[in-house]
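Undergrad: I have a structure I would like to understand better, so I am pasting it below and will then ask my questions one at a time.
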Amino acid sequence: MSFVLTINGRDHPVDASPETPLLYVLRDDLRLNGAKFGCGLGQCGACTVQVDGKAAYACLLPVAAAAGRRIRTVEGLGTAEAPSPLQKAFMVEQAAQCGYCIAGMIMRAQALLDATPRPTEAEIRAHMQPNLCRCGTHMRILRAIRRAAGLPVEAASA
Amino acid sequence: MSLGWKTPAPPAAALALALAACTGGARLPPPPPQTFSAAEIEKGAELAKLADCQGCHTADGGQAFAGGRPLKSPFGTIYTRNITPDPSTGLGRYSREAFVRALRRGVRFDGAELYPAMPYDHFAYADDADLGALYAYLMTRRPKDRPPTPNELIPPANIRGAVAIWKALFFHPGRFQPTPGQSAEFNRGAYLVQSLGHCGACHTPHNILDAEETKKPLQGGVQEGWYAPPLNALSPASVPWTPERVYRFLRTGFDRDHSAAAGPMGSVVRELARAPEPDVRALSVYLATLMQPASAAKGRAAPADHAAQAAAAQPAGAALYAGACAACHDAGAAMMREGRPPLQFATPPQEDRPTDVIQVILQGVQPATGPRGPYMPAFAGTLSDGQVAAIAAYVRARYSDRPPWKDLTSAVAKGRRQGGQG
């Protein structure tokens, strides 16, 4: 079946069976390789993108459910030459170790900052809870999010 | 029902009690903590788990028992009270007598009415020694100064005095009656279910004024947007509940022949996991006995899985299910290889209403007993009402032999509002 996906403000016609996860279409058909395949079960968050402004697991979102909605991937935030404020904060804080989870972390954090520009520490932690980093750089990731939000980089007591 | 349920007192007596309670009394100072015995405090700790006091009286991320958790009702939102022994904002001004009166009759230390969100219609059946032990336990917790969050109720529910009328109409507790000829274990279970366990607060249908329909005990009710299924002959479970299976479910939040505890049941299980084993065994024996007629009627019929027919009847739902659900729920998926039950074993697809299938899709499942346990991601943010409805219709068609649910899309919209994602 053919669908039109609206990704980072551009329409992309794609041909796929309706149950195909959005993640496969992004990576295999559209060469948008930012979102990663981690578990395929909605448990790790490496595939996180935004759908209509909310963080979503691209591995569990059938393309039939994604068509006609606003999809945003990490490629829509910034480039290597001109990173977005949140991407810049991740770089300054050296929040990536292996980096596999980072695109998902950034997209989930960006969804929070778009809705709540100055979140509390508890809001940040509750919001980021679904996404896992196996290298264990969570503390740096939290610092990067605080930095991007203009909050003190060291946590207030959570 | 004759299995140890209510024996109502005459309404007039209850009205007199309610009125008498308004006049105050029981204004004795609380005893100092060192007067409680260690054994009494320990017993109170066990009973507090069986009653899941923490579940309602702890806000997300807040100190245990310090209150502030929002409880939604048809009349607005009630914020639970601080039940730590803080003198100004908690139980600090409650004498033992005032505490027992609050739990038995729903009257605050100063004589004001307590809203029936506090299940005193169940606690009235608890015996005096148990309430005293609960008091000893709560009065020895760490005090927390947390003033009450104002309730957000619509008239006339926002007037506390109106509760007196509610009580006159609906609050006629009797005393717990053990069922002669049943085992001590059965009767212990019956006592806990009816009194401190307050299972009926969710699992009994409520009338238009949010009072339990006591003539339909444990026949299934709606609470916080979830449907608490019947726990008696009307149980819709595909696989018969035995005492062992009920025990496993209450203790771990999961039974491989049924499904995982979700929604408000999660907090109940979190406490039952740490409650005394004999008490949870007693609950299991009693509840399995109540559900036994349903199990007998079901016999050995195999749970349904009509994959081909469901795909033909609900093609859109089938495609969404294949992309969003099958990675975990289909035969051979990673989760299934870990011994999780196929969906036809789960109760929600068998229920008369789609409420629980919808809420599970919207809210997912969090492990009930700690970081490890059954987990399902929430789809509220990614699937539209129509898409959730399509998946629910497909699940019903595939995994049950019952008729399709009606008006699914509006049920999803309602589920979102009640579940707090609206």
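For the structure tokens, the naming scheme is as follows: chains receive sequential letters (A, B, ...) according to their order of presentation, residues are indexed from 1 within each chain, and ligands are indexed from 1 in presentation order.
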Using only C-alpha atoms, tabulate the residues of segment 91-210 of chain B lying at most 12 Å from any atom of segment 259-280 of chain B, each with its closest atom pair and that distance in Å to one decimal, by chain and increasing residue number, as CSV.
TA:
```
residue,atom,partner,partner_atom,distance
B:Ala184,CA,B:Asp279,CA,11.2
B:Glu185,CA,B:Asp279,CA,8.3
B:Phe186,CA,B:Asp279,CA,10.1
B:Asn187,CA,B:Asp279,CA,10.7
B:Arg188,CA,B:Asp279,CA,7.4
B:Gly189,CA,B:Asp279,CA,7.0
B:Ala190,CA,B:Asp279,CA,10.6
B:Tyr191,CA,B:Asp279,CA,10.3
B:Leu192,CA,B:Asp279,CA,8.1
B:Val193,CA,B:Val280,CA,10.4
B:Leu196,CA,B:Asp279,CA,11.7
B:Gly197,CA,B:Val268,CA,9.1
B:His198,CA,B:Val268,CA,10.6
B:Cys199,CA,B:Val268,CA,9.6
B:Ala201,CA,B:Pro264,CA,11.4
B:Cys202,CA,B:Pro264,CA,9.0
B:His203,CA,B:Met265,CA,10.5
```
Undergrad: Give me, as JSON lines, the closest atom pair and its distance (Å, one decimal) for every residue of chain A within a cut-off of 6 Å of chain B, counting only C-alpha atoms, rows sorted by chain and rising number.
TA:
```
{"residue": "A:Pro18", "atom": "CA", "partner": "B:Ala319", "partner_atom": "CA", "distance": 5.9}
{"residue": "A:Glu19", "atom": "CA", "partner": "B:Gly323", "partner_atom": "CA", "distance": 4.2}
{"residue": "A:Thr20", "atom": "CA", "partner": "B:Gly323", "partner_atom": "CA", "distance": 5.8}
{"residue": "A:Pro21", "atom": "CA", "partner": "B:Gly323", "partner_atom": "CA", "distance": 5.7}
{"residue": "A:Gly42", "atom": "CA", "partner": "B:Pro377", "partner_atom": "CA", "distance": 5.9}
{"residue": "A:Ala56", "atom": "CA", "partner": "B:Thr382", "partner_atom": "CA", "distance": 5.8}
{"residue": "A:Leu60", "atom": "CA", "partner": "B:Ala324", "partner_atom": "CA", "distance": 4.4}
{"residue": "A:Leu61", "atom": "CA", "partner": "B:Ala324", "partner_atom": "CA", "distance": 5.6}
{"residue": "A:Pro62", "atom": "CA", "partner": "B:Gly323", "partner_atom": "CA", "distance": 4.6}
```
Undergrad: Tell me which of B:Cys56, B:Val246, B:Leu131, B:Ala117 sits closest to Ile41 of chain B, counting only C-alpha atoms.
TA: B:Leu131
Undergrad: Residues at most 12 Å from Thr35 of chain B, counting only C-alpha atoms, excluding those fewer than 6 positions away in the same chain, as a list in words?
TA: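 In the requested form, the answer reads Ile41, Arg96, Tyr135, Ala136, Tyr137, Met139 and Thr140 of chain B.
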Undergrad: How about saving the chosen residues, N, CA and C atoms kept, as a compact mmCIF listing (two decimals), in the first residue's frame?
TA:
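Result file is part15.txt:
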```txt
# COMPACT_ATOMS: atom_id res chain seq x y z
N ILE B 41 2.47 -2.92 66.78
CA ILE B 41 2.93 -2.14 65.62
C ILE B 41 3.16 -3.08 64.43
N ARG B 96 -6.89 7.16 69.97
CA ARG B 96 -7.25 5.83 69.45
C ARG B 96 -8.75 5.77 69.16
N TYR B 135 -3.76 1.72 64.11
CA TYR B 135 -3.50 3.00 64.77
C TYR B 135 -2.07 3.02 65.33
N ALA B 136 -1.70 1.95 66.00
CA ALA B 136 -0.35 1.88 66.58
C ALA B 136 0.71 2.01 65.48
N TYR B 137 0.47 1.35 64.36
CA TYR B 137 1.43 1.40 63.26
C TYR B 137 1.53 2.81 62.67
N MET B 139 0.67 5.69 63.94
CA MET B 139 1.13 6.71 64.88
C MET B 139 2.63 6.59 65.19
N THR B 140 3.26 5.52 64.69
CA THR B 140 4.70 5.40 64.89
C THR B 140 5.46 5.58 63.57
```
Undergrad: Taking the DSSP secondary structure from the backbone, can you list the residues of segment 34-153 of chain A that are strand (DSSP E or B), as a list in words?
TA: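 Here is the list: Thr48, Val49, Gln50, Val51, Lys54, Ala55, Ala56, Tyr57, Pro62, Arg70, Ile71 and Arg72 of chain A.
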Undergrad: Would you list the contacts of segment 85-87 of chain A as a tab-separated table (two decimals) with all heavy atoms, in the first residue's frame, taking every protein, DNA or RNA residue within 12 Å and counting only C-alpha atoms, but skipping same-chain residues closer than 4 positions in sequence?
TA:
```
chain	number	residue	atom	x	y	z
A	74	VAL	N	15.49	12.96	14.65
A	74	VAL	CA	16.64	13.74	15.09
A	74	VAL	C	17.24	14.53	13.93
A	74	VAL	O	17.81	15.60	14.12
A	74	VAL	CB	17.69	12.83	15.77
A	74	VAL	CG1	18.43	11.97	14.74
A	74	VAL	CG2	18.66	13.64	16.62
A	75	GLU	N	17.03	14.02	12.69
A	75	GLU	CA	17.53	14.76	11.52
A	75	GLU	C	16.83	16.10	11.35
A	75	GLU	O	17.34	16.98	10.67
A	75	GLU	CB	17.36	13.92	10.24
A	75	GLU	CG	18.28	12.71	10.15
A	75	GLU	CD	17.70	11.46	10.80
A	75	GLU	OE1	16.67	11.58	11.51
A	75	GLU	OE2	18.28	10.37	10.61
A	76	GLY	N	15.63	16.23	11.98
A	76	GLY	CA	14.88	17.48	11.86
A	76	GLY	C	15.30	18.53	12.88
A	76	GLY	O	14.80	19.65	12.84
A	77	LEU	N	16.18	18.17	13.79
A	77	LEU	CA	16.58	19.14	14.82
A	77	LEU	C	17.71	20.05	14.37
A	77	LEU	O	17.65	21.26	14.50
A	77	LEU	CB	17.01	18.42	16.10
A	77	LEU	CG	15.93	17.73	16.94
A	77	LEU	CD1	16.51	17.34	18.29
A	77	LEU	CD2	14.72	18.61	17.12
A	78	GLY	N	18.77	19.45	13.89
A	78	GLY	CA	19.93	20.25	13.49
A	78	GLY	C	20.88	19.39	12.68
A	78	GLY	O	20.59	18.23	12.39
A	79	THR	N	21.98	19.94	12.31
A	79	THR	CA	22.98	19.21	11.53
A	79	THR	C	24.30	19.20	12.30
A	79	THR	O	24.43	19.88	13.32
A	79	THR	CB	23.22	19.89	10.16
A	79	THR	OG1	23.70	21.21	10.42
A	79	THR	CG2	21.94	19.96	9.36
A	80	ALA	N	25.27	18.45	11.78
A	80	ALA	CA	26.58	18.42	12.42
A	80	ALA	C	27.17	19.82	12.46
A	80	ALA	O	27.82	20.22	13.42
A	80	ALA	CB	27.51	17.46	11.68
A	81	GLU	N	26.92	20.60	11.38
A	81	GLU	CA	27.47	21.96	11.32
A	81	GLU	C	26.68	22.91	12.21
A	81	GLU	O	27.25	23.80	12.85
A	81	GLU	CB	27.45	22.51	9.88
A	81	GLU	CG	28.30	21.75	8.88
A	81	GLU	CD	27.72	20.40	8.52
A	81	GLU	OE1	26.47	20.30	8.39
A	81	GLU	OE2	28.49	19.43	8.41
A	91	MET	N	26.49	17.69	23.42
A	91	MET	CA	27.91	17.70	23.06
A	91	MET	C	28.73	18.31	24.19
A	91	MET	O	29.76	17.76	24.59
A	91	MET	CB	28.12	18.46	21.74
A	91	MET	CG	27.59	17.70	20.53
A	91	MET	SD	27.18	18.76	19.12
A	91	MET	CE	28.77	19.35	18.65
A	92	VAL	N	28.28	19.45	24.72
A	92	VAL	CA	29.03	20.13	25.77
A	92	VAL	C	29.18	19.22	26.99
A	92	VAL	O	30.24	19.15	27.61
A	92	VAL	CB	28.33	21.46	26.16
A	92	VAL	CG1	28.98	22.06	27.40
A	92	VAL	CG2	28.37	22.44	25.00
A	93	GLU	N	28.11	18.51	27.31
A	93	GLU	CA	28.15	17.64	28.49
A	93	GLU	C	28.77	16.27	28.19
A	93	GLU	O	28.82	15.42	29.07
A	93	GLU	CB	26.74	17.47	29.07
A	93	GLU	CG	26.15	18.73	29.67
A	93	GLU	CD	26.94	19.25	30.86
A	93	GLU	OE1	27.67	18.45	31.50
A	93	GLU	OE2	26.85	20.46	31.14
A	94	GLN	N	29.16	16.05	26.93
A	94	GLN	CA	29.73	14.75	26.54
A	94	GLN	C	28.79	13.62	26.98
A	94	GLN	O	29.20	12.65	27.64
A	94	GLN	CB	31.13	14.57	27.14
A	94	GLN	CG	32.15	15.52	26.54
A	94	GLN	CD	32.53	15.10	25.12
A	94	GLN	OE1	33.15	14.06	24.91
A	94	GLN	NE2	32.13	15.89	24.12
A	95	ALA	N	27.52	13.79	26.62
A	95	ALA	CA	26.50	12.88	27.15
A	95	ALA	C	26.46	11.53	26.42
A	95	ALA	O	25.78	10.62	26.86
A	95	ALA	CB	25.13	13.55	27.09
A	96	ALA	N	27.19	11.42	25.30
A	96	ALA	CA	27.20	10.15	24.59
A	96	ALA	C	28.44	9.35	24.94
A	96	ALA	O	29.54	9.90	25.00
A	96	ALA	CB	27.17	10.39	23.08
A	102	ILE	N	21.39	7.83	21.93
A	102	ILE	CA	21.33	9.28	22.07
A	102	ILE	C	20.27	9.95	21.19
A	102	ILE	O	19.57	10.86	21.63
A	102	ILE	CB	22.72	9.91	21.82
A	102	ILE	CG1	23.67	9.51	22.96
A	102	ILE	CG2	22.64	11.43	21.72
A	102	ILE	CD1	23.27	10.03	24.34
A	103	ALA	N	20.08	9.45	19.96
A	103	ALA	CA	19.06	10.06	19.11
A	103	ALA	C	17.69	9.93	19.78
A	103	ALA	O	16.90	10.88	19.81
A	103	ALA	CB	19.04	9.41	17.74
A	104	GLY	N	17.43	8.77	20.36
A	104	GLY	CA	16.16	8.55	21.06
A	104	GLY	C	16.06	9.42	22.30
A	104	GLY	O	15.02	10.02	22.57
A	105	MET	N	17.18	9.52	23.04
A	105	MET	CA	17.18	10.37	24.25
A	105	MET	C	16.86	11.82	23.87
A	105	MET	O	16.07	12.50	24.54
A	105	MET	CB	18.55	10.32	24.93
A	105	MET	CG	18.90	9.01	25.58
A	105	MET	SD	18.02	8.82	27.15
A	105	MET	CE	18.70	7.25	27.71
A	106	ILE	N	17.51	12.30	22.81
A	106	ILE	CA	17.32	13.69	22.40
A	106	ILE	C	15.88	13.93	21.97
A	106	ILE	O	15.26	14.92	22.34
A	106	ILE	CB	18.32	14.06	21.28
A	106	ILE	CG1	19.74	14.15	21.87
A	106	ILE	CG2	17.92	15.35	20.58
A	106	ILE	CD1	20.83	14.46	20.85
A	107	MET	N	15.32	12.99	21.21
A	107	MET	CA	13.95	13.21	20.74
A	107	MET	C	12.95	13.18	21.88
A	107	MET	O	11.98	13.92	21.89
A	107	MET	CB	13.58	12.18	19.65
A	107	MET	CG	14.37	12.35	18.36
A	107	MET	SD	14.52	14.08	17.81
A	107	MET	CE	12.84	14.42	17.27
A	108	ARG	N	13.19	12.29	22.87
A	108	ARG	CA	12.27	12.27	24.01
A	108	ARG	C	12.43	13.56	24.83
A	108	ARG	O	11.45	14.19	25.22
A	108	ARG	CB	12.49	11.05	24.90
A	108	ARG	CG	11.48	10.99	26.07
A	108	ARG	CD	11.49	9.66	26.79
A	108	ARG	NE	11.04	8.57	25.94
A	108	ARG	CZ	9.77	8.25	25.73
A	108	ARG	NH1	8.81	8.93	26.32
A	108	ARG	NH2	9.45	7.26	24.94
A	109	ALA	N	13.67	13.99	25.05
A	109	ALA	CA	13.91	15.20	25.84
A	109	ALA	C	13.33	16.42	25.13
A	109	ALA	O	12.76	17.31	25.76
A	109	ALA	CB	15.40	15.38	26.09
A	110	GLN	N	13.49	16.46	23.79
A	110	GLN	CA	12.97	17.62	23.03
A	110	GLN	C	11.45	17.72	23.17
A	110	GLN	O	10.91	18.82	23.26
A	110	GLN	CB	13.37	17.50	21.56
A	110	GLN	CG	13.07	18.75	20.74
A	110	GLN	CD	13.90	19.94	21.22
A	110	GLN	OE1	15.13	19.87	21.29
A	110	GLN	NE2	13.23	21.04	21.58
A	111	ALA	N	10.77	16.57	23.20
A	111	ALA	CA	9.31	16.59	23.38
A	111	ALA	C	8.95	17.22	24.71
A	111	ALA	O	7.98	17.98	24.82
A	111	ALA	CB	8.76	15.16	23.29
A	112	LEU	N	9.73	16.93	25.73
A	112	LEU	CA	9.48	17.54	27.05
A	112	LEU	C	9.71	19.04	26.99
A	112	LEU	O	8.87	19.84	27.44
A	112	LEU	CB	10.39	16.90	28.11
A	112	LEU	CG	10.35	17.57	29.49
A	112	LEU	CD1	8.98	17.38	30.14
A	112	LEU	CD2	11.44	17.01	30.40
A	113	LEU	N	10.86	19.44	26.42
A	113	LEU	CA	11.21	20.87	26.43
A	113	LEU	C	10.24	21.68	25.56
A	113	LEU	O	9.98	22.85	25.86
A	113	LEU	CB	12.65	21.06	25.96
A	113	LEU	CG	13.71	20.42	26.86
A	113	LEU	CD1	15.11	20.65	26.29
A	113	LEU	CD2	13.62	20.95	28.28
A	114	ASP	N	9.71	21.06	24.49
A	114	ASP	CA	8.75	21.79	23.66
A	114	ASP	C	7.47	22.08	24.44
A	114	ASP	O	6.86	23.14	24.30
A	114	ASP	CB	8.41	20.97	22.41
A	114	ASP	CG	9.58	20.91	21.44
A	114	ASP	OD1	10.52	21.72	21.60
A	114	ASP	OD2	9.56	20.05	20.53
A	117	PRO	N	9.17	24.24	28.78
A	117	PRO	CA	10.53	24.75	28.54
A	117	PRO	C	11.43	24.71	29.79
A	117	PRO	O	12.63	24.54	29.65
A	117	PRO	CB	10.30	26.18	28.08
A	117	PRO	CG	8.91	26.20	27.54
A	117	PRO	CD	8.14	25.20	28.37
A	141	ILE	N	23.33	12.78	30.61
A	141	ILE	CA	22.14	13.10	29.81
A	141	ILE	C	21.26	14.08	30.57
A	141	ILE	O	20.77	15.07	30.01
A	141	ILE	CB	21.39	11.80	29.43
A	141	ILE	CG1	22.22	11.00	28.41
A	141	ILE	CG2	20.00	12.10	28.87
A	141	ILE	CD1	21.78	9.57	28.21
A	142	LEU	N	21.09	13.83	31.85
A	142	LEU	CA	20.27	14.75	32.67
A	142	LEU	C	20.90	16.14	32.70
A	142	LEU	O	20.19	17.16	32.61
A	142	LEU	CB	20.11	14.19	34.09
A	142	LEU	CG	19.23	12.93	34.20
A	142	LEU	CD1	19.29	12.37	35.63
A	142	LEU	CD2	17.79	13.23	33.82
A	143	ARG	N	22.23	16.18	32.83
A	143	ARG	CA	22.91	17.48	32.83
A	143	ARG	C	22.66	18.22	31.51
A	143	ARG	O	22.43	19.44	31.49
A	143	ARG	CB	24.42	17.30	33.04
A	143	ARG	CG	24.80	16.85	34.44
A	143	ARG	CD	26.26	16.39	34.47
A	143	ARG	NE	27.19	17.45	34.13
A	143	ARG	CZ	27.85	18.18	35.03
A	143	ARG	NH1	27.70	17.92	36.32
A	143	ARG	NH2	28.65	19.14	34.66
A	144	ALA	N	22.73	17.48	30.40
A	144	ALA	CA	22.54	18.10	29.09
A	144	ALA	C	21.13	18.68	28.97
A	144	ALA	O	20.94	19.78	28.43
A	144	ALA	CB	22.78	17.06	27.98
A	145	ILE	N	20.15	17.95	29.49
A	145	ILE	CA	18.76	18.44	29.40
A	145	ILE	C	18.60	19.69	30.25
A	145	ILE	O	18.00	20.68	29.82
A	145	ILE	CB	17.77	17.34	29.83
A	145	ILE	CG1	17.87	16.14	28.86
A	145	ILE	CG2	16.34	17.87	29.87
A	145	ILE	CD1	17.15	14.90	29.35
A	146	ARG	N	19.20	19.68	31.45
A	146	ARG	CA	19.12	20.88	32.30
A	146	ARG	C	19.79	22.06	31.61
A	146	ARG	O	19.28	23.19	31.62
A	146	ARG	CB	19.80	20.60	33.64
A	146	ARG	CG	19.03	19.67	34.54
A	146	ARG	CD	19.76	19.51	35.88
A	146	ARG	NE	19.58	18.17	36.40
A	146	ARG	CZ	20.56	17.29	36.60
A	146	ARG	NH1	21.82	17.59	36.36
A	146	ARG	NH2	20.28	16.09	37.05
A	147	ARG	N	20.94	21.80	30.99
A	147	ARG	CA	21.66	22.87	30.31
A	147	ARG	C	20.81	23.47	29.20
A	147	ARG	O	20.67	24.70	29.10
A	147	ARG	CB	22.97	22.32	29.73
A	147	ARG	CG	23.76	23.32	28.88
A	147	ARG	CD	25.08	22.72	28.40
A	147	ARG	NE	26.03	22.57	29.50
A	147	ARG	CZ	26.82	23.53	29.98
A	147	ARG	NH1	26.78	24.75	29.46
A	147	ARG	NH2	27.65	23.29	30.96
A	148	ALA	N	20.19	22.58	28.39
A	148	ALA	CA	19.37	23.08	27.28
A	148	ALA	C	18.17	23.88	27.79
A	148	ALA	O	17.69	24.80	27.12
A	148	ALA	CB	18.91	21.91	26.41
A	149	ALA	N	17.67	23.53	28.98
A	149	ALA	CA	16.51	24.22	29.53
A	149	ALA	C	16.90	25.49	30.27
A	149	ALA	O	16.03	26.18	30.80
A	149	ALA	CB	15.74	23.28	30.47
A	150	GLY	N	18.21	25.78	30.33
A	150	GLY	CA	18.66	26.97	31.04
A	150	GLY	C	18.58	26.81	32.54
A	150	GLY	O	18.49	27.80	33.28
```
Undergrad: In Å to one decimal, how far is atom CA of Thr369 of chain B from atom CA of Leu50 of chain B?
TA: 14.6 Å
Undergrad: Can you work out the spacing between atom CA of Ala48 of chain B and atom CA of Ala129 of chain B in Å, to one decimal?
TA: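 Atom CA of Ala48 of chain B sits 13.4 Å away from atom CA of Ala129 of chain B.
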